[in-house]
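As stored in my_file-v4.tsv (TSV, C-alpha atoms):
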```tsv
chain	number	residue	atom	x	y	z
J	169	MET	CA	-3.15	39.87	57.37
J	170	ARG	CA	-3.97	42.54	59.93
J	171	ARG	CA	-4.28	46.07	58.59
J	172	THR	CA	-4.60	49.43	60.35
J	173	ALA	CA	-5.95	52.19	58.10
J	174	SER	CA	-5.10	55.86	58.36
J	175	ASN	CA	-8.54	56.54	59.86
J	176	GLY	CA	-7.80	54.13	62.73
J	177	VAL	CA	-9.95	51.23	61.50
J	178	VAL	CA	-8.38	47.81	62.12
J	179	PHE	CA	-9.32	44.96	59.78
J	180	TYR	CA	-8.04	41.71	58.30
J	181	ALA	CA	-7.40	41.12	54.60
J	182	SER	CA	-6.40	38.37	52.16
J	183	ALA	CA	-3.16	38.77	50.23
J	184	GLN	CA	-4.61	36.75	47.36
J	185	PHE	CA	-7.59	39.07	47.03
J	186	GLU	CA	-5.36	42.12	47.20
J	187	ALA	CA	-3.20	40.70	44.40
J	188	ILE	CA	-6.13	40.68	41.95
J	189	GLY	CA	-7.59	44.02	43.06
J	190	VAL	CA	-10.61	42.70	44.97
J	191	ARG	CA	-11.53	45.26	47.62
J	192	HIS	CA	-12.56	43.61	50.87
J	193	ALA	CA	-12.20	43.45	54.66
J	194	PHE	CA	-13.00	41.40	57.71
J	195	SER	CA	-13.73	44.03	60.34
J	196	THR	CA	-12.69	44.08	64.00
J	197	ARG	CA	-14.25	46.12	66.81
J	198	ARG	CA	-11.51	48.78	66.63
J	199	GLY	CA	-11.64	52.19	65.00
J	200	GLY	CA	-15.30	53.22	65.27
J	201	VAL	CA	-17.54	55.66	67.14
J	202	SER	CA	-19.90	53.41	69.16
J	203	ALA	CA	-20.04	53.52	72.97
J	204	PRO	CA	-19.85	50.50	75.35
J	205	PRO	CA	-20.93	47.73	75.19
J	206	PHE	CA	-20.72	48.24	71.42
J	207	ASP	CA	-17.32	49.88	71.42
J	208	SER	CA	-16.32	50.83	68.94
J	209	LEU	CA	-16.58	49.71	65.29
J	210	ASN	CA	-20.01	48.15	65.72
J	211	LEU	CA	-21.84	47.22	62.52
J	212	GLY	CA	-25.11	45.84	63.84
J	213	ASN	CA	-27.39	45.33	66.82
J	214	PRO	CA	-28.18	42.16	68.78
J	215	SER	CA	-31.16	40.23	67.47
J	216	ASP	CA	-32.85	40.34	70.89
J	217	GLY	CA	-32.83	42.46	74.04
J	218	GLU	CA	-33.16	46.11	74.95
J	219	ALA	CA	-29.49	47.07	74.53
J	220	ARG	CA	-29.22	48.81	71.16
J	221	ASP	CA	-26.61	50.91	69.41
J	222	ASP	CA	-27.61	54.10	67.62
J	223	GLN	CA	-28.17	53.53	63.89
J	224	GLN	CA	-26.31	56.72	62.97
J	225	ARG	CA	-23.22	55.37	64.73
J	226	ILE	CA	-23.55	52.08	62.88
J	227	HIS	CA	-23.80	53.94	59.56
J	228	GLU	CA	-20.72	56.00	60.43
J	229	ASN	CA	-18.83	52.84	61.35
J	230	TYR	CA	-19.71	51.25	58.01
J	231	ALA	CA	-18.55	54.40	56.21
J	232	ARG	CA	-15.22	54.24	58.05
J	233	LEU	CA	-14.75	50.56	57.19
J	234	LEU	CA	-15.55	51.14	53.52
J	235	ALA	CA	-13.08	54.01	53.36
J	236	ALA	CA	-10.39	51.99	55.13
J	237	SER	CA	-10.73	49.02	52.76
J	238	GLY	CA	-11.18	50.97	49.54
J	239	CYS	CA	-14.62	49.48	48.94
J	240	PRO	CA	-17.27	51.54	47.12
J	241	GLY	CA	-19.12	53.96	49.38
J	242	GLY	CA	-22.82	54.10	50.12
J	243	PRO	CA	-24.80	51.63	52.20
J	244	PRO	CA	-23.51	48.07	51.62
J	245	LEU	CA	-25.94	45.55	50.19
J	246	ARG	CA	-27.14	43.13	52.90
J	247	VAL	CA	-29.73	40.40	53.44
J	248	HIS	CA	-31.71	39.06	56.40
J	249	GLN	CA	-29.45	36.26	57.66
J	250	VAL	CA	-31.33	33.14	58.79
J	251	HIS	CA	-28.68	30.38	59.22
J	252	ASP	CA	-29.70	28.51	56.06
J	253	CYS	CA	-28.36	28.01	52.53
J	254	ALA	CA	-30.14	30.54	50.30
J	255	VAL	CA	-27.94	32.67	48.02
J	256	ALA	CA	-28.98	36.14	46.83
J	257	ASP	CA	-27.76	37.52	43.49
J	258	VAL	CA	-26.94	41.19	42.97
J	259	GLN	CA	-28.13	42.44	39.60
J	260	THR	CA	-26.03	45.34	38.31
J	261	GLY	CA	-27.80	48.60	38.96
J	262	GLN	CA	-30.75	46.94	40.68
J	263	PRO	CA	-31.64	47.18	44.39
J	264	LEU	CA	-31.23	44.22	46.74
J	265	ASP	CA	-34.04	43.76	49.24
J	266	PRO	CA	-32.43	43.86	52.73
J	267	ASN	CA	-35.31	41.68	53.97
J	268	ARG	CA	-34.43	38.91	51.55
J	269	ARG	CA	-33.85	35.77	53.64
J	270	ALA	CA	-30.41	34.45	52.69
J	271	ASP	CA	-26.95	33.79	54.10
J	272	ALA	CA	-24.81	34.45	51.03
J	273	ILE	CA	-24.64	37.19	48.40
J	274	VAL	CA	-23.04	36.92	44.95
J	275	SER	CA	-22.22	40.08	43.00
J	276	ARG	CA	-20.81	41.18	39.64
J	277	ASP	CA	-21.42	44.90	40.33
J	278	ALA	CA	-18.07	46.63	40.89
J	279	THR	CA	-19.80	49.87	41.93
J	280	ARG	CA	-21.32	48.43	45.12
J	281	THR	CA	-20.18	46.59	48.24
J	282	ILE	CA	-21.83	43.46	49.64
J	283	SER	CA	-21.73	42.58	53.32
J	284	VAL	CA	-22.56	39.84	55.84
J	285	ARG	CA	-22.41	40.35	59.60
J	286	THR	CA	-21.10	38.01	62.28
J	287	ALA	CA	-20.43	37.77	66.01
J	288	ASP	CA	-18.90	34.25	66.21
J	289	CYS	CA	-20.13	32.62	62.98
J	290	VAL	CA	-17.72	32.05	60.10
J	291	PRO	CA	-17.43	34.81	57.48
J	292	VAL	CA	-16.25	33.54	54.10
J	293	LEU	CA	-15.37	35.70	51.11
J	294	LEU	CA	-15.00	34.28	47.59
J	295	SER	CA	-13.76	35.53	44.24
J	296	ASN	CA	-13.31	34.10	40.78
J	297	ARG	CA	-9.89	34.21	39.12
J	298	ASP	CA	-10.03	37.81	37.86
J	299	GLY	CA	-12.12	39.33	40.64
J	300	SER	CA	-15.14	40.03	38.42
J	301	ILE	CA	-17.47	37.87	40.54
J	302	VAL	CA	-17.40	37.87	44.34
J	303	ALA	CA	-19.42	36.45	47.20
J	304	ALA	CA	-19.88	37.06	50.92
J	305	VAL	CA	-21.08	34.16	53.08
J	306	HIS	CA	-22.36	33.99	56.66
J	307	ALA	CA	-21.88	30.44	57.97
J	308	GLY	CA	-22.87	29.46	61.47
J	309	TRP	CA	-22.94	25.78	62.32
J	310	ARG	CA	-26.49	25.53	60.98
J	311	GLY	CA	-25.47	27.21	57.73
J	312	ILE	CA	-22.53	24.84	57.39
J	313	VAL	CA	-24.83	21.85	57.88
J	314	ALA	CA	-27.31	23.36	55.38
J	315	GLY	CA	-24.53	23.81	52.81
J	316	VAL	CA	-24.44	27.57	52.33
J	317	ILE	CA	-20.71	27.62	51.49
J	318	PRO	CA	-20.84	25.12	48.58
J	319	ALA	CA	-24.09	26.74	47.42
J	320	ALA	CA	-22.33	30.11	47.09
J	321	ALA	CA	-19.34	28.52	45.33
J	322	ARG	CA	-21.62	26.81	42.80
J	323	ARG	CA	-23.43	30.07	42.09
J	324	MET	CA	-20.14	31.76	41.19
J	325	ILE	CA	-19.11	29.32	38.48
J	326	ASP	CA	-19.70	30.43	34.90
J	327	SER	CA	-18.41	29.21	31.55
J	328	ASN	CA	-15.01	30.84	32.06
J	329	ASP	CA	-14.28	29.43	35.51
J	330	SER	CA	-13.96	26.19	37.40
J	331	PRO	CA	-14.09	25.55	41.16
J	332	ALA	CA	-10.31	25.13	41.17
J	333	SER	CA	-9.92	28.73	39.98
J	334	LEU	CA	-11.88	30.26	42.86
J	335	ILE	CA	-10.16	32.06	45.74
J	336	ALA	CA	-11.54	32.04	49.28
J	337	ALA	CA	-10.74	33.74	52.55
J	338	ILE	CA	-12.05	32.55	55.92
J	339	GLY	CA	-12.25	35.33	58.49
J	340	PRO	CA	-12.16	35.50	62.29
J	341	CYS	CA	-14.75	33.32	64.04
J	342	ILE	CA	-15.26	31.29	67.18
J	343	GLY	CA	-12.38	28.87	67.68
J	344	ARG	CA	-12.56	25.14	68.35
J	345	GLU	CA	-11.68	25.35	72.05
J	346	ALA	CA	-14.28	28.06	72.66
J	347	PHE	CA	-17.15	26.29	70.88
J	348	GLU	CA	-18.57	23.73	73.29
J	349	VAL	CA	-21.62	22.05	71.81
J	350	GLY	CA	-24.05	19.24	72.54
J	351	ASP	CA	-24.83	15.94	70.85
J	352	ASP	CA	-27.10	17.65	68.32
J	353	VAL	CA	-24.26	19.64	66.74
J	354	LEU	CA	-21.74	16.82	67.10
J	355	GLY	CA	-24.15	14.46	65.39
J	356	GLU	CA	-24.88	16.84	62.52
J	357	PHE	CA	-21.19	17.43	61.86
J	358	SER	CA	-20.55	13.68	61.88
J	359	ARG	CA	-23.43	13.19	59.45
J	360	ILE	CA	-22.08	15.82	57.05
J	361	PHE	CA	-18.33	15.15	57.30
J	362	GLY	CA	-18.20	11.50	58.32
J	363	SER	CA	-14.88	10.36	59.74
J	364	SER	CA	-13.35	13.76	58.86
J	365	ALA	CA	-15.77	15.66	61.10
J	366	PRO	CA	-13.82	18.40	62.94
J	367	VAL	CA	-15.21	17.58	66.38
J	368	ASP	CA	-13.93	16.33	69.74
J	369	ARG	CA	-16.32	14.32	71.91
J	370	ARG	CA	-15.50	14.87	75.58
J	371	GLY	CA	-18.16	12.91	77.45
J	372	GLY	CA	-21.39	13.89	79.13
J	373	GLY	CA	-23.02	14.58	75.78
J	374	LYS	CA	-20.66	17.51	75.16
J	375	GLY	CA	-17.76	18.22	72.87
J	376	ARG	CA	-16.01	20.85	70.76
J	377	ALA	CA	-16.66	21.69	67.10
J	378	ASP	CA	-14.32	23.52	64.73
J	379	VAL	CA	-16.47	25.64	62.42
J	380	ARG	CA	-13.41	27.21	60.78
J	381	GLU	CA	-12.09	23.81	59.73
J	382	ALA	CA	-15.58	22.75	58.68
J	383	ALA	CA	-15.72	25.76	56.33
J	384	ARG	CA	-12.32	24.88	54.88
J	385	LEU	CA	-13.35	21.26	54.34
J	386	GLN	CA	-16.46	22.36	52.48
J	387	LEU	CA	-14.46	24.69	50.26
J	388	LEU	CA	-12.10	21.82	49.41
J	389	ALA	CA	-15.04	19.50	48.72
J	390	ALA	CA	-16.49	22.18	46.42
J	391	GLY	CA	-13.32	21.95	44.32
J	392	LEU	CA	-11.14	24.80	45.59
J	393	ARG	CA	-7.40	24.20	45.80
J	394	PRO	CA	-5.84	24.28	49.30
J	395	ASP	CA	-3.35	26.98	48.29
J	396	ARG	CA	-6.22	29.25	47.20
J	397	ILE	CA	-7.85	29.35	50.63
J	398	ASP	CA	-6.59	32.04	53.00
J	399	CYS	CA	-7.43	31.64	56.68
J	400	THR	CA	-6.82	33.34	60.01
J	401	ASP	CA	-6.49	31.69	63.41
J	402	ARG	CA	-8.12	34.60	65.28
J	403	CYS	CA	-10.87	33.54	67.70
J	404	THR	CA	-13.72	35.96	68.33
J	405	VAL	CA	-14.28	34.62	71.85
J	406	THR	CA	-10.68	34.54	73.01
J	407	HIS	CA	-9.47	37.79	71.44
J	408	GLY	CA	-12.02	40.08	73.05
J	409	GLU	CA	-9.92	43.20	72.53
J	410	GLU	CA	-10.42	42.82	68.78
J	411	PHE	CA	-13.76	41.11	68.26
J	412	PHE	CA	-17.38	41.04	69.35
J	413	SER	CA	-18.66	37.64	70.50
J	414	HIS	CA	-22.27	36.62	71.00
J	415	ARG	CA	-21.23	33.63	73.11
J	416	ARG	CA	-18.68	35.43	75.31
J	417	ASP	CA	-20.89	38.45	75.93
J	418	ARG	CA	-24.13	36.45	76.27
J	419	GLY	CA	-25.87	38.19	73.40
J	420	ILE	CA	-25.21	41.79	74.46
J	421	THR	CA	-22.62	42.58	71.86
J	422	GLY	CA	-22.04	44.24	68.51
J	423	ARG	CA	-21.38	42.79	65.07
J	424	MET	CA	-18.41	42.54	62.76
J	425	ALA	CA	-18.80	42.53	58.99
J	426	ALA	CA	-17.14	40.83	56.05
J	427	ILE	CA	-17.35	43.14	53.04
J	428	ILE	CA	-16.27	42.73	49.44
J	429	ALA	CA	-16.65	44.33	46.01
J	430	PRO	CA	-15.55	43.05	42.57
J	431	ALA	CA	-12.33	44.36	41.10
J	432	THR	CA	-12.69	47.48	38.98
J	433	PRO	CA	-12.75	46.53	35.25
```
Once you've parsed the file, please lay out its structure as structure tokens.
Amino acid sequence: MRRTASNGVVFYASAQFEAIGVRHAFSTRRGGVSAPPFDSLNLGNPSDGEARDDQQRIHENYARLLAASGCPGGPPLRVHQVHDCAVADVQTGQPLDPNRRADAIVSRDATRTISVRTADCVPVLLSNRDGSIVAAVHAGWRGIVAGVIPAAARRMIDSNDSPASLIAAIGPCIGREAFEVGDDVLGEFSRIFGSSAPVDRRGGGKGRADVREAARLQLLAAGLRPDRIDCTDRCTVTHGEEFFSHRRDRGITGRMAAIIAPATP
């Protein structure tokens, strides 16, 4: 569901997470202080190139998003995303190294917010049944092939939970029609998903891949129930007024964030 906060920040949220008191948001590019081409709620810089946003503006944008979503203030806990399957655990009261190479974070600390950043890749948020354990996952096509989504789901299971009790929300990402790929990606998806691979081969060694559906299929395979997976159809490439897109803007673009914090005990 699309939300507009009193401070002007626009974000998307899961009704199922809201029902159990899990504070969270999938950000858009609207409601921040950054100047073009990072206008305006930019939460990170491109990995390459000379175009950079000011870090103070990025910090202010994060503060606005946290306030809008009701997440705990202070710098969110992040990792160095590398398109793989490593999962970082947040220990209550302990720092998390932002240089830790991982693409998912699991937390039981209700006093802090965890965050992953995207600009076309799939953001996935997870919670257990009572909101005491949450996860944020960054899943590009390489991360999907590596299995980062099921790895995060497995890490969340403890003696009081089962995969069927988990809740997931899949946020805005590149849509199927916008994600033209080559034989390498098509082949990897076919290897992982078999006959259910969410791909269309269109000749000339090209085709389309649906990373959103791939994420949903992996959540189902991990044991989640279909009715406990919230999803949006928003495409980061097509809906340029709302989202940054690495592919559409050829790398010179900002970053969205998926943020989440456990429910308050």
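When all atoms listed in the file are used to compute distances to Gly315 of chain J, the closest of the residues J:Met424, J:Ile282, J:Ala336, J:Ala272 turns out to be J:Ala272.
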So the first atom is atom CA of Gly355 of chain J and the second is atom CA of Gly311 of chain J; what is the distance between them in Å, to one decimal place?
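One can read the atom CA of Gly355 of chain J to atom CA of Gly311 of chain J distance as 14.9 Å.
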Suppose you want the space between atom CA of Thr196 of chain J and atom CA of Val255 of chain J; what is it in Å?
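Calculated distance between atom CA of Thr196 of chain J and atom CA of Val255 of chain J is 24.9 Å.
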Quick one: distance from atom CA of Ala389 of chain J to atom CA of Gln259 of chain J in Å, one decimal?
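Between atom CA of Ala389 of chain J and atom CA of Gln259 of chain J the gap is 27.9 Å.
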Can you list, as a compact mmCIF listing (two decimals) with C-alpha atoms, keeping the file's coordinate frame, every protein, DNA or RNA residue that comes within 7 Å of Ile335 of chain J when you count only C-alpha atoms, leaving out same-chain residues fewer than 2 positions away?
```txt
# COMPACT_ATOMS: atom_id res chain seq x y z
CA LEU J 294 -15.00 34.28 47.59
CA SER J 295 -13.76 35.53 44.24
CA ASN J 296 -13.31 34.10 40.78
CA ARG J 297 -9.89 34.21 39.12
CA SER J 333 -9.92 28.73 39.98
CA ARG J 396 -6.22 29.25 47.20
CA ILE J 397 -7.85 29.35 50.63
```
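Residues lying at most 10 Å from (-19.1, 41.8, 37.9) in file coordinates, with only C-alpha atoms considered, are Val258, Gln259, Thr260, Val274, Ser275, Arg276, Asp277, Ala278, Thr279, Asp298, Gly299, Ser300, Ile301, Val302, Ala429, Pro430, Ala431, Thr432 and Pro433 of chain J.
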Would you list the contacts of Asp368 of chain J as number ranges by chain, taking every protein, DNA or RNA residue within 10 Å and counting only C-alpha atoms, but skipping same-chain residues closer than 6 positions in sequence?
J: 344-345, 348-349, 354, 374-378
Which residue out of J:Glu381, J:Arg423, J:Leu211, J:Arg310 has the minimum interatomic distance to Asp398 of chain J when all atoms listed in the file are used?
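With all atoms listed in the file as the atom set, the closest residue is J:Glu381.
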Looking at all atoms listed in the file, which of J:Ala321, J:Val353, J:Ala426, J:Ile338 is the one that sits closest to Ala390 of chain J?
J:Ala321
Counting all atoms listed in the file, give me one row per residue of segment 175-290 of chain J with an atom at most 10 Å from an atom of segment 416-420 of chain J, showing the shortest contact pair and its distance in Å to one decimal, sorted by chain then residue number, as a Markdown table.
```
| residue | atom | partner | partner_atom | distance |
| --- | --- | --- | --- | --- |
| J:Pro205 | CA | J:Ile420 | CA | 7.4 |
| J:Phe206 | CA | J:Ile420 | CA | 8.4 |
| J:Asn213 | CA | J:Ile420 | CA | 8.7 |
| J:Pro214 | CA | J:Ile420 | CA | 6.4 |
| J:Ser215 | CA | J:Gly419 | CA | 8.2 |
| J:Asp216 | CA | J:Gly419 | CA | 7.7 |
| J:Gly217 | CA | J:Ile420 | CA | 7.7 |
| J:Glu218 | CA | J:Ile420 | CA | 9.1 |
| J:Ala219 | CA | J:Ile420 | CA | 6.8 |
| J:Arg220 | CA | J:Ile420 | CA | 8.7 |
| J:Ala287 | CA | J:Gly419 | CA | 9.2 |
| J:Asp288 | CA | J:Arg416 | CA | 9.2 |
```
From (-10.7, 22.9, 39.6), in the file's coordinates, out to 8 Å: which residues are reached, counting all atoms listed in the file? Answer as a short mmCIF file (atom, residue, chain, number, x, y, z; two decimals) with C-alpha atoms, in the frame of the given file.
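Dumped to result.cif:
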```cif
data_model
loop_
_atom_site.label_atom_id
_atom_site.label_comp_id
_atom_site.auth_asym_id
_atom_site.auth_seq_id
_atom_site.Cartn_x
_atom_site.Cartn_y
_atom_site.Cartn_z
CA SER J 330 -13.96 26.19 37.40
CA PRO J 331 -14.09 25.55 41.16
CA ALA J 332 -10.31 25.13 41.17
CA SER J 333 -9.92 28.73 39.98
CA GLY J 391 -13.32 21.95 44.32
CA LEU J 392 -11.14 24.80 45.59
CA ARG J 393 -7.40 24.20 45.80
#
```
Pick from J:Ala365, J:Thr400, J:Leu334, J:Phe357, whichever lies nearest to Leu387 of chain J using all atoms listed in the file
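Ranking J:Ala365, J:Thr400, J:Leu334, J:Phe357 by distance to Leu387 of chain J, first place goes to J:Leu334.
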